[in-house]
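For reference, input_33.tsv is printed below; it contains TSV, N, CA and C atoms.
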chain	number	residue	atom	x	y	z
M	1	CYS	N	0.82	-1.19	0.00
M	1	CYS	CA	0.00	0.00	0.00
M	1	CYS	C	0.87	1.26	0.00
M	2	LEU	N	1.98	1.19	0.70
M	2	LEU	CA	2.88	2.34	0.74
M	2	LEU	C	3.43	2.66	-0.65
M	3	ASP	N	3.74	1.63	-1.40
M	3	ASP	CA	4.37	1.83	-2.71
M	3	ASP	C	3.37	1.91	-3.85
M	4	GLY	N	2.07	1.74	-3.56
M	4	GLY	CA	1.06	1.84	-4.60
M	4	GLY	C	1.03	0.66	-5.55
M	5	ARG	N	1.47	-0.48	-5.11
M	5	ARG	CA	1.48	-1.69	-5.96
M	5	ARG	C	0.08	-2.30	-5.97
M	6	LEU	N	-0.76	-1.74	-6.78
M	6	LEU	CA	-2.17	-2.11	-6.81
M	6	LEU	C	-2.39	-3.58	-7.13
M	7	ASP	N	-1.60	-4.13	-8.04
M	7	ASP	CA	-1.76	-5.54	-8.38
M	7	ASP	C	-1.48	-6.44	-7.19
M	8	GLU	N	-0.49	-6.10	-6.38
M	8	GLU	CA	-0.18	-6.88	-5.18
M	8	GLU	C	-1.25	-6.70	-4.11
M	9	VAL	N	-1.77	-5.49	-3.98
M	9	VAL	CA	-2.84	-5.23	-3.03
M	9	VAL	C	-4.06	-6.07	-3.38
M	10	ARG	N	-4.42	-6.09	-4.64
M	10	ARG	CA	-5.58	-6.89	-5.08
M	10	ARG	C	-5.35	-8.37	-4.81
M	11	SER	N	-4.15	-8.87	-5.04
M	11	SER	CA	-3.84	-10.27	-4.77
M	11	SER	C	-3.99	-10.59	-3.29
M	12	LEU	N	-3.52	-9.71	-2.44
M	12	LEU	CA	-3.64	-9.92	-1.00
M	12	LEU	C	-5.09	-9.87	-0.54
M	13	LEU	N	-5.87	-9.01	-1.17
M	13	LEU	CA	-7.28	-8.90	-0.79
M	13	LEU	C	-8.06	-10.17	-1.13
M	14	ASP	N	-7.56	-10.94	-2.07
M	14	ASP	CA	-8.20	-12.19	-2.45
M	14	ASP	C	-7.95	-13.32	-1.45
M	15	LEU	N	-7.02	-13.14	-0.52
M	15	LEU	CA	-6.71	-14.18	0.45
M	15	LEU	C	-7.81	-14.31	1.49
M	16	ASP	N	-8.08	-15.52	1.89
M	16	ASP	CA	-9.06	-15.75	2.96
M	16	ASP	C	-8.51	-15.21	4.27
M	17	GLY	N	-9.37	-14.58	5.02
M	17	GLY	CA	-9.01	-14.12	6.36
M	17	GLY	C	-8.24	-12.81	6.41
M	18	ILE	N	-8.10	-12.14	5.29
M	18	ILE	CA	-7.37	-10.86	5.28
M	18	ILE	C	-8.14	-9.84	6.12
M	19	GLN	N	-7.43	-9.11	6.94
M	19	GLN	CA	-8.03	-8.12	7.83
M	19	GLN	C	-7.73	-6.72	7.28
M	20	ILE	N	-8.68	-6.17	6.55
M	20	ILE	CA	-8.48	-4.89	5.88
M	20	ILE	C	-8.27	-3.73	6.85
M	21	ASN	N	-8.81	-3.84	8.06
M	21	ASN	CA	-8.68	-2.77	9.04
M	21	ASN	C	-7.74	-3.12	10.18
M	22	ASP	N	-6.81	-4.03	9.92
M	22	ASP	CA	-5.82	-4.43	10.91
M	22	ASP	C	-4.77	-3.34	11.03
M	23	ASP	N	-4.55	-2.88	12.23
M	23	ASP	CA	-3.54	-1.83	12.43
M	23	ASP	C	-2.36	-2.37	13.24
M	24	GLN	N	-2.01	-3.60	12.98
M	24	GLN	CA	-0.94	-4.29	13.68
M	24	GLN	C	0.38	-3.51	13.65
M	25	TYR	N	0.63	-2.79	12.58
M	25	TYR	CA	1.90	-2.07	12.45
M	25	TYR	C	1.75	-0.57	12.72
M	26	GLY	N	0.70	-0.18	13.41
M	26	GLY	CA	0.50	1.22	13.76
M	26	GLY	C	-0.52	1.93	12.90
M	27	GLY	N	-0.73	1.46	11.69
M	27	GLY	CA	-1.71	2.05	10.79
M	27	GLY	C	-2.28	0.99	9.87
M	28	THR	N	-3.43	1.26	9.33
M	28	THR	CA	-4.08	0.32	8.43
M	28	THR	C	-3.50	0.43	7.01
M	29	PRO	N	-3.82	-0.53	6.14
M	29	PRO	CA	-3.40	-0.40	4.75
M	29	PRO	C	-3.92	0.89	4.11
M	30	LEU	N	-5.14	1.29	4.47
M	30	LEU	CA	-5.70	2.54	3.93
M	30	LEU	C	-4.89	3.74	4.39
M	31	TYR	N	-4.45	3.73	5.62
M	31	TYR	CA	-3.61	4.80	6.14
M	31	TYR	C	-2.31	4.89	5.33
M	32	ALA	N	-1.68	3.74	5.09
M	32	ALA	CA	-0.41	3.71	4.35
M	32	ALA	C	-0.59	4.23	2.92
M	33	ALA	N	-1.66	3.80	2.26
M	33	ALA	CA	-1.92	4.25	0.89
M	33	ALA	C	-2.21	5.75	0.86
M	34	SER	N	-2.96	6.23	1.84
M	34	SER	CA	-3.30	7.66	1.92
M	34	SER	C	-2.06	8.51	2.18
M	35	GLN	N	-1.20	8.00	3.02
M	35	GLN	CA	0.02	8.72	3.40
M	35	GLN	C	0.88	9.03	2.18
M	36	ASN	N	0.91	8.11	1.22
M	36	ASN	CA	1.77	8.31	0.05
M	36	ASN	C	1.01	8.74	-1.19
M	37	GLY	N	-0.28	9.02	-1.06
M	37	GLY	CA	-1.04	9.54	-2.19
M	37	GLY	C	-1.34	8.53	-3.27
M	38	ASN	N	-1.46	7.27	-2.90
M	38	ASN	CA	-1.75	6.21	-3.87
M	38	ASN	C	-3.27	6.12	-4.08
M	39	VAL	N	-3.78	6.99	-4.92
M	39	VAL	CA	-5.22	7.17	-5.12
M	39	VAL	C	-5.92	5.88	-5.54
M	40	ASP	N	-5.37	5.17	-6.50
M	40	ASP	CA	-6.03	3.94	-6.97
M	40	ASP	C	-6.12	2.90	-5.86
M	41	THR	N	-5.07	2.79	-5.07
M	41	THR	CA	-5.08	1.85	-3.95
M	41	THR	C	-6.09	2.29	-2.90
M	42	VAL	N	-6.17	3.57	-2.63
M	42	VAL	CA	-7.15	4.11	-1.68
M	42	VAL	C	-8.56	3.75	-2.13
M	43	LYS	N	-8.85	3.94	-3.40
M	43	LYS	CA	-10.19	3.63	-3.94
M	43	LYS	C	-10.54	2.16	-3.71
M	44	VAL	N	-9.60	1.27	-4.03
M	44	VAL	CA	-9.84	-0.17	-3.87
M	44	VAL	C	-10.06	-0.53	-2.40
M	45	LEU	N	-9.23	0.01	-1.53
M	45	LEU	CA	-9.34	-0.32	-0.11
M	45	LEU	C	-10.66	0.18	0.49
M	46	ILE	N	-11.10	1.34	0.09
M	46	ILE	CA	-12.39	1.85	0.57
M	46	ILE	C	-13.52	0.98	0.03
M	47	LYS	N	-13.42	0.58	-1.22
M	47	LYS	CA	-14.46	-0.24	-1.84
M	47	LYS	C	-14.64	-1.57	-1.12
M	48	VAL	N	-13.56	-2.14	-0.59
M	48	VAL	CA	-13.65	-3.43	0.09
M	48	VAL	C	-13.84	-3.30	1.60
M	49	GLY	N	-14.09	-2.08	2.07
M	49	GLY	CA	-14.43	-1.89	3.47
M	49	GLY	C	-13.39	-1.24	4.35
M	50	GLY	N	-12.39	-0.63	3.74
M	50	GLY	CA	-11.40	0.08	4.54
M	50	GLY	C	-12.06	1.21	5.33
M	51	ASN	N	-11.77	1.28	6.61
M	51	ASN	CA	-12.39	2.25	7.50
M	51	ASN	C	-11.68	3.60	7.39
M	52	VAL	N	-12.35	4.57	6.79
M	52	VAL	CA	-11.75	5.89	6.57
M	52	VAL	C	-11.58	6.67	7.87
M	53	ASN	N	-12.25	6.25	8.92
M	53	ASN	CA	-12.17	6.96	10.19
M	53	ASN	C	-11.25	6.30	11.21
M	54	GLN	N	-10.65	5.18	10.85
M	54	GLN	CA	-9.78	4.48	11.80
M	54	GLN	C	-8.44	5.18	11.87
M	55	ALA	N	-8.15	5.73	13.04
M	55	ALA	CA	-6.92	6.49	13.24
M	55	ALA	C	-5.74	5.55	13.52
M	56	GLU	N	-4.56	6.03	13.20
M	56	GLU	CA	-3.34	5.30	13.50
M	56	GLU	C	-3.23	5.13	15.01
M	57	THR	N	-2.73	3.99	15.46
M	57	THR	CA	-2.69	3.71	16.89
M	57	THR	C	-1.64	4.51	17.64
M	58	THR	N	-0.58	4.93	16.99
M	58	THR	CA	0.49	5.62	17.70
M	58	THR	C	0.21	7.10	17.97
M	59	ASP	N	-0.50	7.76	17.06
M	59	ASP	CA	-0.73	9.19	17.27
M	59	ASP	C	-2.14	9.67	16.95
M	60	GLY	N	-3.03	8.75	16.59
M	60	GLY	CA	-4.43	9.12	16.39
M	60	GLY	C	-4.75	9.84	15.09
M	61	ILE	N	-3.87	9.78	14.12
M	61	ILE	CA	-4.08	10.46	12.85
M	61	ILE	C	-4.87	9.56	11.90
M	62	SER	N	-5.89	10.12	11.27
M	62	SER	CA	-6.75	9.35	10.35
M	62	SER	C	-6.15	9.35	8.94
M	63	PRO	N	-6.62	8.43	8.07
M	63	PRO	CA	-6.14	8.42	6.69
M	63	PRO	C	-6.36	9.75	5.97
M	64	LEU	N	-7.51	10.38	6.18
M	64	LEU	CA	-7.78	11.66	5.53
M	64	LEU	C	-6.81	12.73	6.01
M	65	TYR	N	-6.54	12.75	7.29
M	65	TYR	CA	-5.62	13.75	7.84
M	65	TYR	C	-4.22	13.58	7.27
M	66	ILE	N	-3.73	12.34	7.23
M	66	ILE	CA	-2.37	12.12	6.74
M	66	ILE	C	-2.27	12.45	5.26
M	67	ALA	N	-3.32	12.18	4.50
M	67	ALA	CA	-3.31	12.52	3.08
M	67	ALA	C	-3.20	14.04	2.91
M	68	SER	N	-4.00	14.78	3.65
M	68	SER	CA	-3.97	16.24	3.53
M	68	SER	C	-2.68	16.82	4.08
M	69	GLN	N	-2.18	16.24	5.15
M	69	GLN	CA	-0.93	16.72	5.74
M	69	GLN	C	0.24	16.60	4.76
M	70	ASN	N	0.19	15.56	3.93
M	70	ASN	CA	1.27	15.34	2.96
M	70	ASN	C	0.96	15.92	1.58
M	71	GLY	N	-0.11	16.72	1.50
M	71	GLY	CA	-0.43	17.41	0.24
M	71	GLY	C	-1.07	16.56	-0.83
M	72	HIS	N	-1.64	15.42	-0.45
M	72	HIS	CA	-2.28	14.53	-1.41
M	72	HIS	C	-3.77	14.83	-1.49
M	73	VAL	N	-4.09	15.94	-2.09
M	73	VAL	CA	-5.46	16.42	-2.17
M	73	VAL	C	-6.36	15.42	-2.89
M	74	ASP	N	-5.89	14.82	-3.99
M	74	ASP	CA	-6.71	13.86	-4.73
M	74	ASP	C	-7.03	12.64	-3.90
M	75	THR	N	-6.13	12.23	-3.04
M	75	THR	CA	-6.36	11.07	-2.17
M	75	THR	C	-7.47	11.36	-1.18
M	76	GLY	N	-7.54	12.56	-0.67
M	76	GLY	CA	-8.53	12.93	0.32
M	76	GLY	C	-9.95	13.02	-0.21
M	77	LYS	N	-10.13	12.97	-1.52
M	77	LYS	CA	-11.47	13.06	-2.11
M	77	LYS	C	-12.26	11.80	-1.91
M	78	TYR	N	-11.60	10.70	-1.60
M	78	TYR	CA	-12.28	9.43	-1.52
M	78	TYR	C	-12.43	9.03	-0.09
Write-out of the structure in structure tokens:
Amino acid sequence: CLDGRLDEVRSLLDLDGIQINDDQYGGTPLYAASQNGNVDTVKVLIKVGGNVNQAETTDGISPLYIASQNGHVDTGKY
């Protein structure tokens, strides 16, 4: 999600038991995609149930906030 590898993200989403809103590493996949402005990945993650309001566990920043903080205006539209 950080690198915007949409094909790999889609492959992982096809796995049984994948936890789209797992924040095991401090932030969700949606947070990581938003942080780097990966618009296509953000769209896919939201479509499959990514929680746009789930804040990062370490500092409470949401995907929308991190997208805007890093100047990714297009990412914040979704």
**Request:** Could you please write out, as a ChimeraX atom specification, every residue of chain M that DSSP assigns to helix (DSSP H, G or I)?
**Result:** /M:6-13,29-35,39-47,63-69,75-77
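Distances to Ala55 of chain M were evaluated for M:Asn21, M:Gly27, M:Leu2, M:Asp14 using only N, CA and C atoms, and the minimum falls at M:Gly27.
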**Spatial neighbours of segment 40-43 of chain M, 6.5 Å, all atoms listed in the file, chain gap at least 4 places, as a PyMOL selection string** = chain M and resi 4+6+30+33-34+47-48
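Atom CA of Ser11 of chain M is positioned 24.9 Å from atom CA of Ser62 of chain M.
Between Gly71 of chain M and the residues M:Gly37, M:Tyr31, M:Ile18, M:Cys1, the shortest atom-to-atom distance, using all atoms listed in the file, involves M:Gly37.
Proximity to Thr57 of chain M was assessed for M:Leu15, M:Asn70, M:Thr28, M:Ile20 counting only N, CA and C atoms; the smallest distance is recorded for M:Thr28.
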**Asked** Between atom N of Arg10 of chain M and atom N of Asp59 of chain M, what is the spacing in Å?
**Response** 26.0 Å
Let me have the centre and edge lengths in Å, one decimal, of the box along x, y and z around every listed atom of segment 40-53 of chain M with 5 Å of margin on each side, as lines of an AutoDock Vina configuration file.
center_x = -9.9
center_y = 1.8
center_z = 2.1
size_x = 19.6
size_y = 20.4
size_z = 28.2
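For the atom pair formed by atom CA of Gly26 of chain M and atom CA of Ile66 of chain M, the distance is 13.3 Å, given to one decimal.
Using all atoms listed in the file for every distance, the candidate list M:Gln24, M:Asn38, M:Val9, M:Pro29 yields M:Pro29 as the residue closest to Gly50 of chain M.
Each of M:His72, M:Asn36, M:Asp3, M:Asp22 was compared to Asn51 of chain M using all atoms listed in the file, and M:Asp22 turns out to be the nearest.
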With N, CA, C and O atoms as the target, complete segment 29-40 of chain M and hand it back as a compact mmCIF listing (two decimals), in the frame of the given file.
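Output saved as selection-v1.txt:
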# COMPACT_ATOMS: atom_id res chain seq x y z
N PRO M 29 -3.82 -0.53 6.14
CA PRO M 29 -3.40 -0.40 4.75
C PRO M 29 -3.92 0.89 4.11
O PRO M 29 -3.21 1.53 3.33
N LEU M 30 -5.14 1.29 4.47
CA LEU M 30 -5.70 2.54 3.93
C LEU M 30 -4.89 3.74 4.39
O LEU M 30 -4.64 4.67 3.62
N TYR M 31 -4.45 3.73 5.62
CA TYR M 31 -3.61 4.80 6.14
C TYR M 31 -2.31 4.89 5.33
O TYR M 31 -1.90 5.96 4.90
N ALA M 32 -1.68 3.74 5.09
CA ALA M 32 -0.41 3.71 4.35
C ALA M 32 -0.59 4.23 2.92
O ALA M 32 0.22 5.02 2.43
N ALA M 33 -1.66 3.80 2.26
CA ALA M 33 -1.92 4.25 0.89
C ALA M 33 -2.21 5.75 0.86
O ALA M 33 -1.74 6.47 -0.03
N SER M 34 -2.96 6.23 1.84
CA SER M 34 -3.30 7.66 1.92
C SER M 34 -2.06 8.51 2.18
O SER M 34 -1.91 9.59 1.63
N GLN M 35 -1.20 8.00 3.02
CA GLN M 35 0.02 8.72 3.40
C GLN M 35 0.88 9.03 2.18
O GLN M 35 1.48 10.09 2.09
N ASN M 36 0.91 8.11 1.22
CA ASN M 36 1.77 8.31 0.05
C ASN M 36 1.01 8.74 -1.19
O ASN M 36 1.59 8.81 -2.27
N GLY M 37 -0.28 9.02 -1.06
CA GLY M 37 -1.04 9.54 -2.19
C GLY M 37 -1.34 8.53 -3.27
O GLY M 37 -1.47 8.89 -4.43
N ASN M 38 -1.46 7.27 -2.90
CA ASN M 38 -1.75 6.21 -3.87
C ASN M 38 -3.27 6.12 -4.08
O ASN M 38 -3.95 5.28 -3.50
N VAL M 39 -3.78 6.99 -4.92
CA VAL M 39 -5.22 7.17 -5.12
C VAL M 39 -5.92 5.88 -5.54
O VAL M 39 -6.96 5.53 -4.99
N ASP M 40 -5.37 5.17 -6.50
CA ASP M 40 -6.03 3.94 -6.97
C ASP M 40 -6.12 2.90 -5.86
O ASP M 40 -7.12 2.21 -5.72
